[in-house]
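Source file: run_5.cif; contents: mmCIF, C-alpha atoms.
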data_target
loop_
_atom_site.label_atom_id
_atom_site.label_comp_id
_atom_site.auth_asym_id
_atom_site.auth_seq_id
_atom_site.Cartn_x
_atom_site.Cartn_y
_atom_site.Cartn_z
CA MET A 4 -105.75 -97.64 -105.84
CA THR A 5 -108.09 -98.17 -102.87
CA ALA A 6 -109.44 -101.58 -101.83
CA HIS A 7 -112.86 -100.49 -103.12
CA GLY A 8 -111.30 -99.50 -106.43
CA ARG A 9 -109.47 -102.83 -106.75
CA LEU A 10 -112.69 -104.70 -106.02
CA GLY A 11 -114.45 -102.67 -108.70
CA GLU A 12 -111.72 -103.51 -111.21
CA LEU A 13 -112.00 -107.22 -110.35
CA ILE A 14 -115.79 -107.16 -110.80
CA TYR A 15 -115.44 -105.27 -114.09
CA GLY A 16 -112.86 -107.80 -115.30
CA ALA A 17 -115.12 -110.71 -114.41
CA MET A 18 -118.13 -109.10 -116.10
CA LYS A 19 -116.08 -108.26 -119.19
CA PHE A 20 -114.87 -111.85 -119.44
CA SER A 21 -118.35 -113.35 -119.03
CA LEU A 22 -120.73 -110.81 -120.58
CA GLY A 23 -118.28 -109.24 -123.03
CA GLY A 24 -117.02 -112.62 -124.16
CA SER A 25 -120.57 -113.87 -124.68
CA LEU A 26 -121.52 -110.77 -126.70
CA LYS A 27 -118.50 -111.12 -128.97
CA LEU A 28 -119.14 -114.83 -129.48
CA ALA A 29 -122.87 -114.47 -130.18
CA PHE A 30 -122.94 -111.25 -132.23
CA ARG A 31 -119.38 -111.06 -133.65
CA PRO A 32 -119.26 -107.23 -133.77
CA TRP A 33 -116.88 -105.75 -136.35
CA VAL A 34 -114.61 -102.86 -135.40
CA GLU A 35 -112.75 -100.22 -137.40
CA GLY A 36 -110.20 -97.79 -135.96
CA ILE A 37 -109.45 -99.66 -132.73
CA GLU A 38 -105.91 -98.23 -132.94
CA ASN A 39 -107.37 -94.78 -132.16
CA ILE A 40 -108.07 -95.81 -128.55
CA PRO A 41 -104.98 -94.93 -126.47
CA ALA A 42 -103.31 -97.82 -124.65
CA ASP A 43 -103.25 -95.70 -121.50
CA GLY A 44 -104.13 -92.23 -120.32
CA PRO A 45 -107.46 -90.37 -120.28
CA ALA A 46 -109.86 -89.89 -123.20
CA ILE A 47 -113.51 -89.07 -123.77
CA LEU A 48 -115.38 -91.54 -125.98
CA ALA A 49 -118.27 -89.65 -127.62
CA SER A 50 -120.73 -91.95 -129.37
CA ASN A 51 -124.05 -91.87 -131.14
CA HIS A 52 -126.78 -93.71 -129.24
CA LEU A 53 -129.05 -96.17 -131.03
CA SER A 54 -129.77 -98.84 -128.43
CA PHE A 55 -129.54 -99.75 -124.76
CA SER A 56 -126.95 -102.32 -125.84
CA ASP A 57 -124.48 -99.63 -127.00
CA SER A 58 -123.05 -99.41 -123.48
CA PHE A 59 -122.25 -103.13 -123.60
CA PHE A 60 -120.95 -103.63 -127.14
CA LEU A 61 -118.40 -100.81 -126.99
CA PRO A 62 -116.67 -101.96 -123.76
CA ALA A 63 -116.79 -105.56 -125.03
CA VAL A 64 -114.45 -104.78 -127.93
CA LEU A 65 -111.97 -102.62 -125.99
CA ASP A 66 -109.11 -103.83 -123.82
CA ARG A 67 -109.57 -100.91 -121.40
CA LYS A 68 -112.38 -100.15 -119.00
CA VAL A 69 -114.95 -97.58 -120.15
CA THR A 70 -117.04 -95.72 -117.57
CA PHE A 71 -120.49 -94.45 -118.51
CA ILE A 72 -123.02 -92.65 -116.33
CA ALA A 73 -126.35 -94.25 -115.46
CA LYS A 74 -129.49 -93.34 -113.54
CA ALA A 75 -128.99 -93.52 -109.77
CA GLU A 76 -132.23 -95.53 -109.53
CA TYR A 77 -130.41 -98.51 -111.03
CA PHE A 78 -128.22 -98.60 -107.92
CA THR A 79 -130.77 -97.88 -105.18
CA SER A 80 -133.68 -100.23 -105.86
CA PRO A 81 -134.66 -102.27 -102.78
CA GLY A 82 -134.53 -106.03 -102.29
CA VAL A 83 -132.45 -108.80 -103.79
CA LYS A 84 -133.33 -107.79 -107.35
CA GLY A 85 -132.20 -104.22 -106.61
CA LYS A 86 -128.86 -105.42 -105.22
CA LEU A 87 -128.29 -107.67 -108.21
CA THR A 88 -129.15 -104.82 -110.59
CA ALA A 89 -126.75 -102.47 -108.77
CA ALA A 90 -123.97 -105.07 -108.85
CA PHE A 91 -124.55 -105.64 -112.56
CA PHE A 92 -124.34 -101.95 -113.49
CA LYS A 93 -121.27 -101.41 -111.33
CA GLY A 94 -119.73 -104.50 -112.89
CA VAL A 95 -120.11 -103.16 -116.42
CA GLY A 96 -118.58 -99.80 -115.55
CA GLN A 97 -121.71 -97.70 -114.98
CA LEU A 98 -121.46 -94.74 -112.61
CA PRO A 99 -124.59 -93.65 -110.67
CA VAL A 100 -125.78 -90.07 -111.25
CA ASP A 101 -128.85 -88.54 -109.63
CA ARG A 102 -131.04 -87.16 -112.43
CA SER A 103 -133.85 -85.87 -110.23
CA GLY A 104 -133.20 -82.27 -111.30
CA ALA A 105 -132.20 -81.27 -114.83
CA ARG A 106 -129.48 -78.79 -113.84
CA GLY A 107 -128.28 -80.89 -110.90
CA ALA A 108 -128.14 -83.96 -113.11
CA GLY A 109 -126.00 -82.15 -115.67
CA GLU A 110 -123.56 -80.89 -113.05
CA ALA A 111 -123.33 -84.36 -111.47
CA ALA A 112 -122.57 -85.93 -114.85
CA ILE A 113 -119.87 -83.36 -115.58
CA LYS A 114 -118.28 -83.88 -112.18
CA ALA A 115 -118.34 -87.65 -112.66
CA GLY A 116 -116.72 -87.34 -116.08
CA ILE A 117 -113.97 -85.06 -114.81
CA GLU A 118 -113.19 -87.51 -111.98
CA VAL A 119 -112.87 -90.41 -114.43
CA ILE A 120 -110.55 -88.36 -116.66
CA GLU A 121 -108.43 -87.15 -113.72
CA GLN A 122 -107.90 -90.79 -112.77
CA GLY A 123 -106.58 -91.49 -116.27
CA GLY A 124 -109.63 -93.42 -117.43
CA LEU A 125 -111.90 -93.62 -120.46
CA PHE A 126 -115.16 -91.71 -120.03
CA GLY A 127 -118.01 -92.75 -122.33
CA ILE A 128 -120.73 -90.23 -123.15
CA TYR A 129 -123.65 -89.90 -125.56
CA PRO A 130 -123.78 -86.24 -126.68
CA GLU A 131 -127.37 -86.62 -127.94
CA GLY A 132 -128.41 -87.17 -124.33
CA THR A 133 -130.81 -90.01 -125.13
CA ARG A 134 -131.34 -92.76 -127.68
CA SER A 135 -132.28 -91.78 -131.21
CA PRO A 136 -136.01 -92.41 -131.71
CA ASP A 137 -135.70 -93.24 -135.42
CA GLY A 138 -132.08 -94.11 -136.25
CA ARG A 139 -131.10 -90.57 -137.28
CA LEU A 140 -128.37 -88.52 -135.60
CA TYR A 141 -129.60 -85.60 -133.51
CA ARG A 142 -128.08 -82.37 -132.25
CA GLY A 143 -125.54 -82.83 -129.46
CA LYS A 144 -126.12 -81.23 -126.09
CA PRO A 145 -123.23 -78.84 -125.34
CA GLY A 146 -123.16 -79.21 -121.55
CA GLY A 147 -121.52 -82.51 -120.63
CA LEU A 148 -119.17 -83.47 -123.45
CA ALA A 149 -117.68 -80.05 -124.16
CA ARG A 150 -117.38 -78.99 -120.55
CA VAL A 151 -115.55 -82.17 -119.53
CA ALA A 152 -113.25 -81.85 -122.55
CA LEU A 153 -112.39 -78.20 -121.90
CA ALA A 154 -112.04 -78.62 -118.14
CA THR A 155 -109.60 -81.52 -118.49
CA GLY A 156 -107.91 -81.10 -121.86
CA ALA A 157 -108.58 -84.78 -122.61
CA PRO A 158 -108.88 -85.80 -126.27
CA VAL A 159 -112.35 -86.59 -127.61
CA ILE A 160 -112.64 -89.77 -129.68
CA PRO A 161 -115.76 -89.86 -131.91
CA ILE A 162 -117.43 -93.26 -132.16
CA ALA A 163 -120.23 -94.58 -134.36
CA MET A 164 -122.34 -97.54 -133.35
CA ILE A 165 -123.74 -99.27 -136.43
CA ASP A 166 -127.00 -101.29 -136.56
CA THR A 167 -127.35 -101.78 -132.79
CA GLU A 168 -130.92 -100.44 -133.01
CA LYS A 169 -131.77 -103.39 -135.27
CA ILE A 170 -130.51 -105.85 -132.68
CA GLN A 171 -132.61 -104.53 -129.84
CA PRO A 172 -135.19 -101.90 -130.85
CA PRO A 173 -136.83 -99.91 -128.02
CA GLY A 174 -139.44 -102.04 -126.27
CA LYS A 175 -138.00 -105.36 -127.47
CA VAL A 176 -136.65 -107.75 -124.82
CA LEU A 177 -135.16 -110.51 -126.94
CA PRO A 178 -132.30 -109.38 -129.22
CA LYS A 179 -131.95 -110.33 -132.86
CA LEU A 180 -128.74 -112.16 -133.72
CA MET A 181 -126.89 -110.03 -136.27
CA ARG A 182 -123.50 -108.30 -136.52
CA PRO A 183 -123.33 -104.73 -135.24
CA GLY A 184 -120.43 -102.48 -136.13
CA ILE A 185 -118.28 -99.94 -134.31
CA ARG A 186 -116.26 -97.24 -136.09
CA ILE A 187 -113.73 -95.35 -134.00
CA GLY A 188 -112.48 -92.03 -135.30
CA LYS A 189 -109.22 -90.21 -134.72
CA PRO A 190 -108.86 -88.22 -131.46
CA LEU A 191 -109.97 -84.58 -131.55
CA ASP A 192 -107.84 -82.04 -129.69
CA PHE A 193 -109.67 -79.11 -128.09
CA THR A 194 -106.89 -77.86 -125.82
CA ARG A 195 -106.94 -74.58 -127.75
CA TYR A 196 -110.21 -73.85 -125.92
CA GLN A 197 -109.13 -75.11 -122.49
CA GLY A 198 -110.40 -72.90 -119.68
CA MET A 199 -113.21 -71.50 -121.87
CA GLU A 200 -115.90 -73.90 -120.66
CA GLY A 201 -117.96 -70.91 -119.53
CA ASP A 202 -118.40 -69.65 -123.10
CA ARG A 203 -121.60 -71.13 -124.54
CA PHE A 204 -120.54 -70.39 -128.12
CA ILE A 205 -117.32 -72.35 -127.64
CA LEU A 206 -119.26 -75.22 -126.05
CA ARG A 207 -121.62 -75.27 -129.02
CA SER A 208 -118.74 -75.20 -131.51
CA VAL A 209 -116.91 -78.08 -129.81
CA THR A 210 -120.06 -80.18 -129.63
CA ASP A 211 -120.97 -79.55 -133.27
CA GLU A 212 -117.47 -80.51 -134.41
CA VAL A 213 -117.73 -83.82 -132.54
CA MET A 214 -121.23 -84.50 -133.92
CA TYR A 215 -119.99 -83.83 -137.45
CA GLU A 216 -117.26 -86.45 -137.03
CA ILE A 217 -119.79 -88.95 -135.63
CA MET A 218 -122.05 -88.26 -138.62
CA LYS A 219 -119.20 -88.98 -141.04
CA LEU A 220 -118.39 -92.23 -139.25
CA SER A 221 -121.97 -93.45 -138.91
CA GLY A 222 -123.43 -92.31 -142.22
CA GLN A 223 -126.59 -91.25 -140.37
CA GLU A 224 -128.87 -88.47 -141.52
CA TYR A 225 -128.31 -85.46 -139.26
CA VAL A 226 -131.25 -83.62 -137.73
CA ASP A 227 -130.54 -80.22 -136.16
CA ILE A 228 -132.91 -80.58 -133.21
CA TYR A 229 -132.48 -82.37 -129.90
CA ALA A 230 -133.54 -86.02 -129.74
CA THR A 231 -135.71 -85.25 -126.71
CA ALA A 232 -137.69 -82.74 -128.82
CA ALA A 233 -138.00 -85.29 -131.63
CA LYS A 234 -139.38 -87.86 -129.19
CA ARG A 235 -142.01 -85.37 -128.03
CA GLN A 236 -142.97 -84.65 -131.63
CA ILE A 237 -143.29 -88.37 -132.40
CA ALA A 238 -145.36 -88.96 -129.25
CA ASP A 239 -147.65 -86.02 -130.10
CA ALA A 240 -148.09 -87.29 -133.66
CA GLU A 241 -148.92 -90.80 -132.44
CA LYS A 242 -151.43 -89.40 -129.94
CA ALA A 243 -153.07 -87.26 -132.62
CA ALA A 244 -153.28 -90.26 -134.98
CA LYS A 245 -154.96 -92.41 -132.30
CA GLU A 246 -157.44 -89.65 -131.51
CA ALA A 247 -158.23 -89.27 -135.22
CA VAL A 248 -158.91 -93.01 -135.50
CA LYS A 249 -161.17 -92.93 -132.45
CA ALA A 250 -163.05 -89.94 -133.86
CA GLU A 251 -163.51 -91.71 -137.20
CA ILE A 252 -164.80 -94.88 -135.50
CA ALA A 253 -167.19 -92.85 -133.38
CA ALA A 254 -168.46 -90.99 -136.49
CA ARG A 255 -169.05 -94.26 -138.33
CA GLU A 256 -170.90 -95.76 -135.39
CA GLU A 257 -173.05 -92.66 -135.08
CA SER A 258 -173.90 -92.63 -138.81
CA GLY A 259 -174.60 -96.36 -138.78
CA ALA A 260 -176.96 -95.99 -135.86
#
Would you kindly transcribe this structure into structure tokens?
Amino acid sequence: MTAHGRLGELIYGAMKFSLGGSLKLAFRPWVEGIENIPADGPAILASNHLSFSDSFFLPAVLDRKVTFIAKAEYFTSPGVKGKLTAAFFKGVGQLPVDRSGARGAGEAAIKAGIEVIEQGGLFGIYPEGTRSPDGRLYRGKPGGLARVALATGAPVIPIAMIDTEKIQPPGKVLPKLMRPGIRIGKPLDFTRYQGMEGDRFILRSVTDEVMYEIMKLSGQEYVDIYATAAKRQIADAEKAAKEAVKAEIAAREESGA
């Protein structure tokens, strides 16, 4: 391991002790299936995504380091605040990925995941691609998860985060003190498809199998559209509702005049 790598491990250990210890003490998360995480060797941890805090609760309950990908902007902001932010995200195992271009971002994420696996680590990924807008489970994106799994042969471990969206809903700064849960499923072996990462039907099949296991673990309602599309639909509906209210107010004012 390089000096830079050893420093990173030391920072991660310190952050896990301080932040992870505080999270466990304050929220007391419950865990099922912890024995399904290998003591050593590579694995892909594929989880549903309900809250920003998911990337902190999962590593807090595991003995091993988990590496997730994060927006490169978190690591490049100027000033003291930017440096502190970068140090924080590096400390909790986040890996910077440039998301400026959709295709480039996907390739960068895949490359980052493969590197983590080749080093024998745990690579954390959210197949939905973004947080669920309403607590339901959405269709998994076939690019990152399946391609990393097929390129490396690493087992995929399905994980369900439970109630984390209630602790810190989108837009809320202060968390609510309650117990979240984490269910860890048995490893899925996709080595029968290894080397077939160029086949989009295989990628879709692998992703759907993982999402099905996550659904069983989480108990969430499954929606067969992408979460990004659902967010657009919700935003459009909210915009239409606001415009309808404005139109009604304007009509009332006009009739009253």
- Message: Report as a ChimeraX atom specification all protein, DNA and RNA residues lying within 7 Å of region 30-39 of chain A, evaluated on all atoms listed in the file, omitting residues in the same chain fewer than 2 positions from it.
- Response: /A:26-28,41,180-190
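Shown here are all protein and nucleic acid residues lying within 7 Å of (-132.0, -105.4, -137.0), with all atoms listed in the file considered: Asp166, Glu168, Lys169, Ile170, Lys179 and Met181 of chain A.
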With C-alpha atoms kept, could you save the residues just selected as an mmCIF file, keeping the file's coordinate frame?
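What landed in again_16.cif:
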data_model
loop_
_atom_site.group_PDB
_atom_site.id
_atom_site.type_symbol
_atom_site.label_atom_id
_atom_site.label_comp_id
_atom_site.auth_asym_id
_atom_site.auth_seq_id
_atom_site.Cartn_x
_atom_site.Cartn_y
_atom_site.Cartn_z
ATOM 1 C CA ASP A 166 -127.000 -101.290 -136.560
ATOM 2 C CA GLU A 168 -130.920 -100.440 -133.010
ATOM 3 C CA LYS A 169 -131.770 -103.390 -135.270
ATOM 4 C CA ILE A 170 -130.510 -105.850 -132.680
ATOM 5 C CA LYS A 179 -131.950 -110.330 -132.860
ATOM 6 C CA MET A 181 -126.890 -110.030 -136.270
#
Running the PyMOL selection byres ((chain A and resi 226) around 8) on this model by hand, what would come out? Give it as a CSV table (one decimal) with C-alpha atoms, in the frame of the given file.
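Listing of out_25.csv after writing:
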chain,number,residue,atom,x,y,z
A,139,ARG,CA,-131.1,-90.6,-137.3
A,140,LEU,CA,-128.4,-88.5,-135.6
A,141,TYR,CA,-129.6,-85.6,-133.5
A,142,ARG,CA,-128.1,-82.4,-132.2
A,224,GLU,CA,-128.9,-88.5,-141.5
A,225,TYR,CA,-128.3,-85.5,-139.3
A,227,ASP,CA,-130.5,-80.2,-136.2
A,228,ILE,CA,-132.9,-80.6,-133.2
- Item | Residue with smallest distance to Ala49 (chain A) - pool A:Gly23, A:Gly109, A:Gly116, A:Gly123, counting all atoms listed in the file |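 Among A:Gly23, A:Gly109, A:Gly116, A:Gly123, it is A:Gly116 that comes nearest to Ala49 (chain A).
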- Message: Given the PyMOL selection byres ((chain A and resi 124-137) around 6) and the file above, list the residues it selects as an NGL selection string.
- Response: :A and (45-53 or 69-71 or 119-120 or 122-123 or 138-139 or 143-144)
Once you have the residues from the selection above, write them out as a CSV table (one decimal), in the coordinates of the input, restricted to C-alpha atoms.
chain,number,residue,atom,x,y,z
A,45,PRO,CA,-107.5,-90.4,-120.3
A,46,ALA,CA,-109.9,-89.9,-123.2
A,47,ILE,CA,-113.5,-89.1,-123.8
A,48,LEU,CA,-115.4,-91.5,-126.0
A,49,ALA,CA,-118.3,-89.6,-127.6
A,50,SER,CA,-120.7,-92.0,-129.4
A,51,ASN,CA,-124.0,-91.9,-131.1
A,52,HIS,CA,-126.8,-93.7,-129.2
A,53,LEU,CA,-129.0,-96.2,-131.0
A,69,VAL,CA,-115.0,-97.6,-120.2
A,70,THR,CA,-117.0,-95.7,-117.6
A,71,PHE,CA,-120.5,-94.4,-118.5
A,119,VAL,CA,-112.9,-90.4,-114.4
A,120,ILE,CA,-110.6,-88.4,-116.7
A,122,GLN,CA,-107.9,-90.8,-112.8
A,123,GLY,CA,-106.6,-91.5,-116.3
A,138,GLY,CA,-132.1,-94.1,-136.2
A,139,ARG,CA,-131.1,-90.6,-137.3
A,143,GLY,CA,-125.5,-82.8,-129.5
A,144,LYS,CA,-126.1,-81.2,-126.1
- Message: Applying 6 Å and only C-alpha atoms, which residues near region 191-194 of chain A remain after dropping the ones on its own chain fewer than 6 positions away? List them as an MDAnalysis selection string.
- Response: chainID A and resid 156 158:159
- Task: Would you kindly identify which residues have an atom no farther than 7 Å from (-120.9, -95.2, -137.5), using all atoms listed in the file and the file's own coordinates, and write them out as an MDAnalysis selection string?
- Result: chainID A and resid 162:165 185:186 217 220:222
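Between CA of Arg195 (chain A) and CA of Ala42 (chain A) the separation is 23.7 Å.
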How big is the axis-aligned box around all listed atoms of region 118-121 of chain A once 6 Å goes on each side, and where's its centre, in Å to one decimal, as JSON?
{"center_x": -110.8, "center_y": -88.8, "center_z": -114.3, "size_x": 16.8, "size_y": 15.3, "size_z": 16.7}
- Query: Between CA of Leu148 (chain A) and CA of Gly24 (chain A), what is the distance, to one decimal in Å?
  - Reply: 29.2 Å
